[in-house]
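Trainee: So here's run.cif, just mmCIF, C-alpha atoms and all ligand atoms:
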data_upload
loop_
_atom_site.group_PDB
_atom_site.id
_atom_site.type_symbol
_atom_site.label_atom_id
_atom_site.label_comp_id
_atom_site.auth_asym_id
_atom_site.auth_seq_id
_atom_site.Cartn_x
_atom_site.Cartn_y
_atom_site.Cartn_z
ATOM 1 C CA MET A 1 90.582 58.167 169.463
ATOM 2 C CA ASN A 2 90.598 60.038 172.772
ATOM 3 C CA GLN A 3 91.564 59.310 176.341
ATOM 4 C CA ASN A 4 88.072 58.104 177.175
ATOM 5 C CA THR A 5 87.980 55.449 174.463
ATOM 6 C CA ARG A 6 91.548 54.134 174.769
ATOM 7 C CA LYS A 7 91.857 50.928 176.721
ATOM 8 C CA ARG A 8 94.188 51.217 179.690
ATOM 9 C CA GLN A 9 97.358 49.171 179.245
ATOM 10 C CA THR A 10 98.579 47.133 182.182
ATOM 11 C CA THR A 11 101.854 46.284 180.487
ATOM 12 C CA TYR A 12 103.608 47.680 177.428
ATOM 13 C CA LEU A 13 105.617 45.685 174.901
ATOM 14 C CA VAL A 14 108.982 47.450 174.891
ATOM 15 C CA ASN A 15 111.665 46.665 172.318
ATOM 16 C CA GLU A 16 114.531 48.507 174.031
ATOM 17 C CA ILE A 17 115.372 51.339 176.421
ATOM 18 C CA PHE A 18 118.701 53.077 175.894
ATOM 19 C CA TYR A 19 120.565 56.336 176.365
ATOM 20 C CA SER A 20 121.836 58.053 173.235
ATOM 21 C CA ILE A 21 121.769 61.281 171.252
ATOM 22 C CA GLN A 22 118.820 62.424 169.172
ATOM 23 C CA GLY A 23 119.930 62.327 165.544
ATOM 24 C CA GLU A 24 117.052 64.047 163.775
ATOM 25 C CA GLY A 25 114.392 66.728 163.992
ATOM 26 C CA SER A 26 114.262 69.851 166.158
ATOM 27 C CA ALA A 27 115.994 68.202 169.147
ATOM 28 C CA VAL A 28 118.987 66.983 167.139
ATOM 29 C CA GLY A 29 122.104 66.607 169.289
ATOM 30 C CA MET A 30 120.158 66.363 172.542
ATOM 31 C CA PRO A 31 121.058 63.459 174.874
ATOM 32 C CA MET A 32 117.922 61.430 175.529
ATOM 33 C CA ILE A 33 116.698 58.218 177.038
ATOM 34 C CA PHE A 34 114.827 56.425 174.268
ATOM 35 C CA ILE A 35 111.980 53.997 174.900
ATOM 36 C CA ARG A 36 111.322 52.001 171.757
ATOM 37 C CA PHE A 37 107.868 50.432 171.799
ATOM 38 C CA ALA A 38 107.426 47.215 169.829
ATOM 39 C CA GLY A 39 104.972 46.994 166.953
ATOM 40 C CA CYS A 40 103.456 49.376 164.461
ATOM 41 C CA ASN A 41 100.079 49.792 162.774
ATOM 42 C CA LEU A 42 101.740 50.516 159.404
ATOM 43 C CA ALA A 43 104.083 48.407 157.277
ATOM 44 C CA CYS A 44 106.222 50.832 155.278
ATOM 45 C CA ALA A 45 108.343 49.169 152.595
ATOM 46 C CA TRP A 46 111.477 51.015 153.694
ATOM 47 C CA CYS A 47 111.034 50.458 157.457
ATOM 48 C CA ASP A 48 114.518 50.059 158.920
ATOM 49 C CA THR A 49 113.539 49.675 162.573
ATOM 50 C CA ASP A 50 113.739 46.327 164.308
ATOM 51 C CA HIS A 51 110.778 46.866 166.569
ATOM 52 C CA GLU A 52 108.815 43.628 166.410
ATOM 53 C CA HIS A 53 110.208 41.930 169.503
ATOM 54 C CA GLY A 54 110.047 43.118 173.061
ATOM 55 C CA SER A 55 109.471 42.494 176.737
ATOM 56 C CA GLN A 56 106.233 43.196 178.550
ATOM 57 C CA MET A 57 106.863 45.940 181.127
ATOM 58 C CA THR A 58 104.593 47.816 183.494
ATOM 59 C CA GLY A 59 104.708 51.591 183.575
ATOM 60 C CA HIS A 60 106.668 51.478 186.837
ATOM 61 C CA GLN A 61 109.195 49.005 185.368
ATOM 62 C CA ILE A 62 109.727 51.426 182.464
ATOM 63 C CA LEU A 63 110.243 54.234 184.974
ATOM 64 C CA GLU A 64 112.763 52.137 186.924
ATOM 65 C CA ALA A 65 114.693 51.378 183.717
ATOM 66 C CA ILE A 66 114.851 55.102 182.924
ATOM 67 C CA ILE A 67 116.085 55.922 186.432
ATOM 68 C CA ARG A 68 118.763 53.197 186.202
ATOM 69 C CA LEU A 69 120.088 54.765 182.989
ATOM 70 C CA ALA A 70 120.096 58.202 184.623
ATOM 71 C CA ILE A 71 122.130 57.168 187.677
ATOM 72 C CA GLY A 72 125.130 59.451 188.051
ATOM 73 C CA HIS A 73 123.463 62.354 186.252
ATOM 74 C CA SER A 74 122.318 65.251 188.390
ATOM 75 C CA LYS A 75 120.395 67.088 185.681
ATOM 76 C CA PRO A 76 117.106 66.182 183.936
ATOM 77 C CA ILE A 77 117.416 64.032 180.841
ATOM 78 C CA ALA A 78 114.829 64.211 178.072
ATOM 79 C CA VAL A 79 112.859 61.016 177.479
ATOM 80 C CA CYS A 80 111.809 60.146 173.933
ATOM 81 C CA LEU A 81 109.074 57.615 173.166
ATOM 82 C CA THR A 82 109.596 56.018 169.781
ATOM 83 C CA GLY A 83 108.965 52.757 167.948
ATOM 84 C CA GLY A 84 107.512 51.122 166.004
ATOM 85 C CA GLU A 85 104.497 53.293 166.643
ATOM 86 C CA PRO A 86 104.428 54.298 170.318
ATOM 87 C CA MET A 87 100.809 55.480 170.142
ATOM 88 C CA CYS A 88 99.661 51.892 169.574
ATOM 89 C CA GLN A 89 100.393 51.463 173.304
ATOM 90 C CA VAL A 90 101.104 54.752 175.061
ATOM 91 C CA ASP A 91 98.196 55.877 177.224
ATOM 92 C CA ARG A 92 97.389 58.439 179.891
ATOM 93 C CA HIS A 93 98.424 56.043 182.666
ATOM 94 C CA LEU A 94 101.984 55.692 181.354
ATOM 95 C CA VAL A 95 102.298 59.380 180.516
ATOM 96 C CA LYS A 96 101.227 60.283 184.063
ATOM 97 C CA ILE A 97 103.982 58.053 185.466
ATOM 98 C CA LEU A 98 106.589 59.598 183.146
ATOM 99 C CA CYS A 99 105.388 63.131 183.940
ATOM 100 C CA GLY A 100 106.344 62.380 187.560
ATOM 101 C CA LEU A 101 109.983 62.681 186.479
ATOM 102 C CA HIS A 102 109.436 66.351 185.563
ATOM 103 C CA TRP A 103 111.780 65.805 182.640
ATOM 104 C CA PRO A 104 111.053 66.898 179.035
ATOM 105 C CA LEU A 105 109.021 64.280 177.184
ATOM 106 C CA HIS A 106 109.350 63.823 173.430
ATOM 107 C CA ILE A 107 107.506 61.440 171.132
ATOM 108 C CA GLU A 108 107.870 60.356 167.512
ATOM 109 C CA THR A 109 104.635 59.174 165.900
ATOM 110 C CA ASN A 110 103.340 58.380 162.429
ATOM 111 C CA GLY A 111 100.286 60.508 163.275
ATOM 112 C CA THR A 112 97.610 57.882 162.723
ATOM 113 C CA LEU A 113 96.625 57.507 166.390
ATOM 114 C CA TRP A 114 95.652 60.467 168.505
ATOM 115 C CA ASP A 115 95.211 60.738 172.249
ATOM 116 C CA ASP A 116 94.909 63.808 174.446
ATOM 117 C CA CYS A 117 97.886 62.582 176.513
ATOM 118 C CA LEU A 118 100.041 63.914 173.652
ATOM 119 C CA LYS A 119 99.431 67.355 175.133
ATOM 120 C CA GLU A 120 101.845 66.476 177.959
ATOM 121 C CA PHE A 121 104.782 66.183 175.558
ATOM 122 C CA GLU A 122 107.208 69.027 175.035
ATOM 123 C CA THR A 123 107.916 67.864 171.492
ATOM 124 C CA VAL A 124 105.657 65.765 169.275
ATOM 125 C CA THR A 125 107.262 64.873 165.963
ATOM 126 C CA MET A 126 104.715 63.605 163.509
ATOM 127 C CA SER A 127 106.027 61.684 160.530
ATOM 128 C CA PRO A 128 103.189 60.567 158.230
ATOM 129 C CA LYS A 129 104.507 57.784 156.026
ATOM 130 C CA GLU A 130 101.704 57.321 153.554
ATOM 131 C CA ILE A 131 98.177 58.410 152.851
ATOM 132 C CA ASN A 132 95.893 55.568 153.805
ATOM 133 C CA PRO A 133 92.471 55.014 155.369
ATOM 134 C CA LEU A 134 94.051 54.866 158.826
ATOM 135 C CA MET A 135 95.091 58.443 158.499
ATOM 136 C CA GLU A 136 91.793 59.882 159.665
ATOM 137 C CA ILE A 137 93.425 62.063 162.211
ATOM 138 C CA ASP A 138 92.757 65.742 162.154
ATOM 139 C CA LEU A 139 94.440 67.138 165.226
ATOM 140 C CA CYS A 140 92.676 70.456 164.883
ATOM 141 C CA ARG A 141 89.268 68.763 164.711
ATOM 142 C CA ASN A 142 89.820 66.173 167.456
ATOM 143 C CA SER A 143 91.184 68.476 170.090
ATOM 144 C CA SER A 144 91.542 72.026 171.255
ATOM 145 C CA TRP A 145 95.240 71.342 170.791
ATOM 146 C CA SER A 146 96.550 71.907 167.307
ATOM 147 C CA VAL A 147 99.383 70.867 165.050
ATOM 148 C CA LYS A 148 101.088 74.186 165.732
ATOM 149 C CA HIS A 149 102.546 72.404 168.791
ATOM 150 C CA CYS A 150 103.919 69.551 166.634
ATOM 151 C CA ASP A 151 106.856 69.227 164.292
ATOM 152 C CA LEU A 152 106.206 67.625 160.918
ATOM 153 C CA LYS A 153 108.834 65.360 159.401
ATOM 154 C CA LEU A 154 108.335 63.975 155.911
ATOM 155 C CA VAL A 155 110.710 61.388 154.465
ATOM 156 C CA TYR A 156 111.617 62.276 150.887
ATOM 157 C CA THR A 157 111.075 59.205 148.747
ATOM 158 C CA ASP A 158 111.711 58.535 145.077
ATOM 159 C CA ASN A 159 107.972 58.443 144.360
ATOM 160 C CA PRO A 160 106.894 61.922 143.149
ATOM 161 C CA ALA A 161 103.162 61.087 143.313
ATOM 162 C CA ASP A 162 103.414 60.005 146.981
ATOM 163 C CA MET A 163 105.468 63.077 147.834
ATOM 164 C CA GLU A 164 102.957 65.374 146.148
ATOM 165 C CA ARG A 165 100.101 63.816 148.134
ATOM 166 C CA LEU A 166 101.973 64.011 151.454
ATOM 167 C CA ILE A 167 103.046 67.601 150.907
ATOM 168 C CA THR A 168 99.624 68.825 149.802
ATOM 169 C CA THR A 169 97.932 66.983 152.700
ATOM 170 C CA TRP A 170 100.318 67.729 155.559
ATOM 171 C CA GLY A 171 102.610 70.506 154.366
ATOM 172 C CA VAL A 172 99.749 73.007 154.325
ATOM 173 C CA GLN A 173 98.951 72.459 158.039
ATOM 174 C CA PRO A 174 100.324 75.000 160.558
ATOM 175 C CA PHE A 175 102.994 72.776 162.131
ATOM 176 C CA ARG A 176 105.565 74.364 164.457
ATOM 177 C CA ILE A 177 108.458 73.291 162.202
ATOM 178 C CA LYS A 178 108.297 71.331 158.942
ATOM 179 C CA PHE A 179 111.209 69.048 158.103
ATOM 180 C CA MET A 180 112.016 67.257 154.865
ATOM 181 C CA GLN A 181 114.415 64.369 155.376
ATOM 182 C CA PRO A 182 116.211 62.260 152.768
ATOM 183 C CA MET A 183 115.307 58.600 152.928
ATOM 184 C CA THR A 184 118.285 56.616 154.204
ATOM 185 C CA THR A 185 116.954 53.149 153.519
ATOM 186 C CA ILE A 186 115.019 51.549 150.726
ATOM 187 C CA HIS A 187 113.341 48.144 151.080
ATOM 188 C CA GLY A 188 115.457 47.414 154.149
ATOM 189 C CA THR A 189 118.798 48.104 152.414
ATOM 190 C CA THR A 190 120.770 51.017 153.695
ATOM 191 C CA MET A 191 121.308 53.786 151.183
ATOM 192 C CA ASN A 192 123.773 55.569 153.430
ATOM 193 C CA GLY A 193 126.963 56.390 151.516
ATOM 194 C CA LYS A 194 125.569 55.071 148.254
ATOM 195 C CA GLU A 195 124.834 56.925 145.057
ATOM 196 C CA GLN A 196 121.098 56.674 145.580
ATOM 197 C CA TYR A 197 121.262 58.322 149.020
ATOM 198 C CA SER A 198 123.504 61.027 147.652
ATOM 199 C CA MET A 199 121.020 61.760 144.841
ATOM 200 C CA ASN A 200 118.106 61.742 147.280
ATOM 201 C CA THR A 201 119.973 64.165 149.559
ATOM 202 C CA LYS A 202 120.738 66.532 146.668
ATOM 203 C CA GLU A 203 117.060 66.516 145.698
ATOM 204 C CA VAL A 204 116.074 67.410 149.277
ATOM 205 C CA ILE A 205 118.607 70.275 149.350
ATOM 206 C CA GLU A 206 117.168 71.643 146.104
ATOM 207 C CA TRP A 207 113.605 71.143 147.332
ATOM 208 C CA VAL A 208 114.182 72.953 150.641
ATOM 209 C CA LEU A 209 115.920 75.820 148.844
ATOM 210 C CA GLN A 210 112.764 76.165 146.755
ATOM 211 C CA ASN A 211 110.521 75.873 149.836
ATOM 212 C CA PRO A 212 112.093 78.064 152.531
ATOM 213 C CA ASP A 213 109.310 77.511 155.064
ATOM 214 C CA TRP A 214 110.695 73.965 155.423
ATOM 215 C CA ARG A 215 113.962 72.767 156.993
ATOM 216 C CA MET A 216 116.181 69.934 155.951
ATOM 217 C CA SER A 217 116.650 67.131 158.466
ATOM 218 C CA CYS A 218 118.941 64.137 158.294
ATOM 219 C CA GLN A 219 119.601 61.087 160.433
ATOM 220 C CA LEU A 220 122.854 62.016 162.142
ATOM 221 C CA HIS A 221 122.809 58.864 164.270
ATOM 222 C CA LYS A 222 123.110 56.811 161.081
ATOM 223 C CA ILE A 223 125.826 59.010 159.598
ATOM 224 C CA PHE A 224 127.849 58.859 162.846
ATOM 225 C CA GLN A 225 126.822 55.252 163.433
ATOM 226 C CA ILE A 226 125.536 55.809 166.928
ATOM 227 C CA ARG A 227 122.538 54.009 168.294
HETATM 228 S S1 LIG A 301 105.508 53.988 160.563
HETATM 229 FE FE1 LIG A 301 107.707 53.916 161.088
HETATM 230 S S2 LIG A 301 107.939 52.097 162.414
HETATM 231 FE FE2 LIG A 301 105.934 51.923 161.380
HETATM 232 S S3 LIG A 301 106.374 50.635 159.588
HETATM 233 FE FE3 LIG A 301 106.508 52.809 158.941
HETATM 234 S S4 LIG A 301 108.706 53.328 159.151
HETATM 235 FE FE4 LIG A 301 108.345 51.422 160.311
#
Can you dump the structure from the file as structure tokens?
Mentor:
Amino acid sequence: MNQNTRKRQTTYLVNEIFYSIQGEGSAVGMPMIFIRFAGCNLACAWCDTDHEHGSQMTGHQILEAIIRLAIGHSKPIAVCLTGGEPMCQVDRHLVKILCGLHWPLHIETNGTLWDDCLKEFETVTMSPKEINPLMEIDLCRNSSWSVKHCDLKLVYTDNPADMERLITTWGVQPFRIKFMQPMTTIHGTTMNGKEQYSMNTKEVIEWVLQNPDWRMSCQLHKIFQIR
């Protein structure tokens, strides 16, 4: 999908807009204004995000909400588009409005939907969840842009066959940084603090030690119980 074939959105279904600290990936620890878009084109068994409900907002209403959260701050604040799957809705029109802030833009995507407007983002974190027919994307083929501008984040599951397929498909691509992250939920139940999470984390530590071109990531916002 490219910018010429994407239908222009007049409003966007937004689940929530809030100010917090990035808990995972290469921008961990960075204060950000998060825009969580409702809805996703995948249905992962372990999905822990309540993203189904939302309010219809125009691009300018989203911008106003961001500016309201930034009142009292004199310095730029990074803005992170997340979901759900933000690329089900994000288009060039919205990105142009957000670029008007001249603040760093970040996005977290499952990588199934491509649009050239992704080039405007300082950080694109791609987190493929499964191999399925939707995953036709080949960033190198669809654009002059390449995955070397993106971070890859794989969630380490307890299914060795799935992991093998994800790693051999995506791990061989020239991403900027490759992260392996322990799964913190399974079938909607939090694993945080439980034996299963601890085992999963130990496996990721061992795996990253064996694969030093990868980095370990974790979900600090869940560990510290921040939003
Ligand atoms: S891609 Fe992300 S938001 Fe979508 S169902 Fe999977 S875990 Fe949930």
Trainee: Selection in question (the file shown): the PyMOL selection byres (((chain A and resi 198-210) around 9) and not hetatm). Which residues does it include, as an NGL selection string?
Mentor: :A and (156-158 or 179-184 or 191-197 or 211-216 or 218)
Trainee: Write a file of the just-selected residues containing C-alpha atoms, as a PDB file, in the coordinates of the input.
Mentor:
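Output below, filename result-v4.pdb:
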ATOM      1  CA  TYR A 156     111.617  62.276 150.887  1.00  0.00           C
ATOM      2  CA  THR A 157     111.075  59.205 148.747  1.00  0.00           C
ATOM      3  CA  ASP A 158     111.711  58.535 145.077  1.00  0.00           C
ATOM      4  CA  PHE A 179     111.209  69.048 158.103  1.00  0.00           C
ATOM      5  CA  MET A 180     112.016  67.257 154.865  1.00  0.00           C
ATOM      6  CA  GLN A 181     114.415  64.369 155.376  1.00  0.00           C
ATOM      7  CA  PRO A 182     116.211  62.260 152.768  1.00  0.00           C
ATOM      8  CA  MET A 183     115.307  58.600 152.928  1.00  0.00           C
ATOM      9  CA  THR A 184     118.285  56.616 154.204  1.00  0.00           C
ATOM     10  CA  MET A 191     121.308  53.786 151.183  1.00  0.00           C
ATOM     11  CA  ASN A 192     123.773  55.569 153.430  1.00  0.00           C
ATOM     12  CA  GLY A 193     126.963  56.390 151.516  1.00  0.00           C
ATOM     13  CA  LYS A 194     125.569  55.071 148.254  1.00  0.00           C
ATOM     14  CA  GLU A 195     124.834  56.925 145.057  1.00  0.00           C
ATOM     15  CA  GLN A 196     121.098  56.674 145.580  1.00  0.00           C
ATOM     16  CA  TYR A 197     121.262  58.322 149.020  1.00  0.00           C
ATOM     17  CA  ASN A 211     110.521  75.873 149.836  1.00  0.00           C
ATOM     18  CA  PRO A 212     112.093  78.064 152.531  1.00  0.00           C
ATOM     19  CA  ASP A 213     109.310  77.511 155.064  1.00  0.00           C
ATOM     20  CA  TRP A 214     110.695  73.965 155.423  1.00  0.00           C
ATOM     21  CA  ARG A 215     113.962  72.767 156.993  1.00  0.00           C
ATOM     22  CA  MET A 216     116.181  69.934 155.951  1.00  0.00           C
ATOM     23  CA  CYS A 218     118.941  64.137 158.294  1.00  0.00           C
TER      24      CYS A 218
END
Trainee: For a test of reading the model, state the distance in Å between atom CA of Pro76 of chain A and atom CA of Asp116 of chain A, rounded to one decimal.
Mentor: 24.3 Å
Trainee: Listing only residues of chain A within 9 Å of ligand LIG 301 (chain A), what is the closest atom pair and its distance in Å (to one decimal) for each, using only C-alpha atoms and all ligand atoms, sorted by chain and residue number ascending, as CSV?
Mentor:
residue,atom,partner,partner_atom,distance
A:Ala38,CA,A:LIG301,S2,8.9
A:Gly39,CA,A:LIG301,S2,7.4
A:Cys40,CA,A:LIG301,FE2,4.7
A:Asn41,CA,A:LIG301,FE2,6.4
A:Leu42,CA,A:LIG301,S3,4.6
A:Ala43,CA,A:LIG301,S3,3.9
A:Cys44,CA,A:LIG301,FE3,4.2
A:Ala45,CA,A:LIG301,S3,7.4
A:Trp46,CA,A:LIG301,S4,6.5
A:Cys47,CA,A:LIG301,FE4,4.0
A:Asp48,CA,A:LIG301,FE4,6.5
A:Thr49,CA,A:LIG301,FE4,5.9
A:Asp50,CA,A:LIG301,S2,8.4
A:His51,CA,A:LIG301,S2,7.3
A:Thr82,CA,A:LIG301,S2,8.5
A:Gly83,CA,A:LIG301,S2,5.7
A:Gly84,CA,A:LIG301,S2,3.7
A:Glu85,CA,A:LIG301,S2,5.6
A:Pro86,CA,A:LIG301,S2,8.9
A:Thr109,CA,A:LIG301,S1,7.5
A:Asn110,CA,A:LIG301,S1,5.2
A:Gly111,CA,A:LIG301,S1,8.8
A:Ser127,CA,A:LIG301,S1,7.7
A:Pro128,CA,A:LIG301,S1,7.4
A:Lys129,CA,A:LIG301,S1,6.0
A:Glu130,CA,A:LIG301,FE3,8.5
Trainee: Could you write out that same residue set with C-alpha atoms as an mmCIF file, in the coordinates of the input?
Mentor:
data_model
loop_
_atom_site.group_PDB
_atom_site.id
_atom_site.type_symbol
_atom_site.label_atom_id
_atom_site.label_comp_id
_atom_site.auth_asym_id
_atom_site.auth_seq_id
_atom_site.Cartn_x
_atom_site.Cartn_y
_atom_site.Cartn_z
ATOM 1 C CA ALA A 38 107.426 47.215 169.829
ATOM 2 C CA GLY A 39 104.972 46.994 166.953
ATOM 3 C CA CYS A 40 103.456 49.376 164.461
ATOM 4 C CA ASN A 41 100.079 49.792 162.774
ATOM 5 C CA LEU A 42 101.740 50.516 159.404
ATOM 6 C CA ALA A 43 104.083 48.407 157.277
ATOM 7 C CA CYS A 44 106.222 50.832 155.278
ATOM 8 C CA ALA A 45 108.343 49.169 152.595
ATOM 9 C CA TRP A 46 111.477 51.015 153.694
ATOM 10 C CA CYS A 47 111.034 50.458 157.457
ATOM 11 C CA ASP A 48 114.518 50.059 158.920
ATOM 12 C CA THR A 49 113.539 49.675 162.573
ATOM 13 C CA ASP A 50 113.739 46.327 164.308
ATOM 14 C CA HIS A 51 110.778 46.866 166.569
ATOM 15 C CA THR A 82 109.596 56.018 169.781
ATOM 16 C CA GLY A 83 108.965 52.757 167.948
ATOM 17 C CA GLY A 84 107.512 51.122 166.004
ATOM 18 C CA GLU A 85 104.497 53.293 166.643
ATOM 19 C CA PRO A 86 104.428 54.298 170.318
ATOM 20 C CA THR A 109 104.635 59.174 165.900
ATOM 21 C CA ASN A 110 103.340 58.380 162.429
ATOM 22 C CA GLY A 111 100.286 60.508 163.275
ATOM 23 C CA SER A 127 106.027 61.684 160.530
ATOM 24 C CA PRO A 128 103.189 60.567 158.230
ATOM 25 C CA LYS A 129 104.507 57.784 156.026
ATOM 26 C CA GLU A 130 101.704 57.321 153.554
#
Trainee: Between A:Leu13, A:Cys99, A:Ile226, A:Ile107, which is the closest to Cys150 of chain A once you count only C-alpha atoms?
Mentor: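 Closest candidate: A:Ile107.
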Trainee: Rounded to one decimal, what separation in Å do you get between atom CA of Met30 of chain A and atom CA of Leu69 of chain A?
Mentor: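 Calculated distance between atom CA of Met30 of chain A and atom CA of Leu69 of chain A is 15.6 Å.
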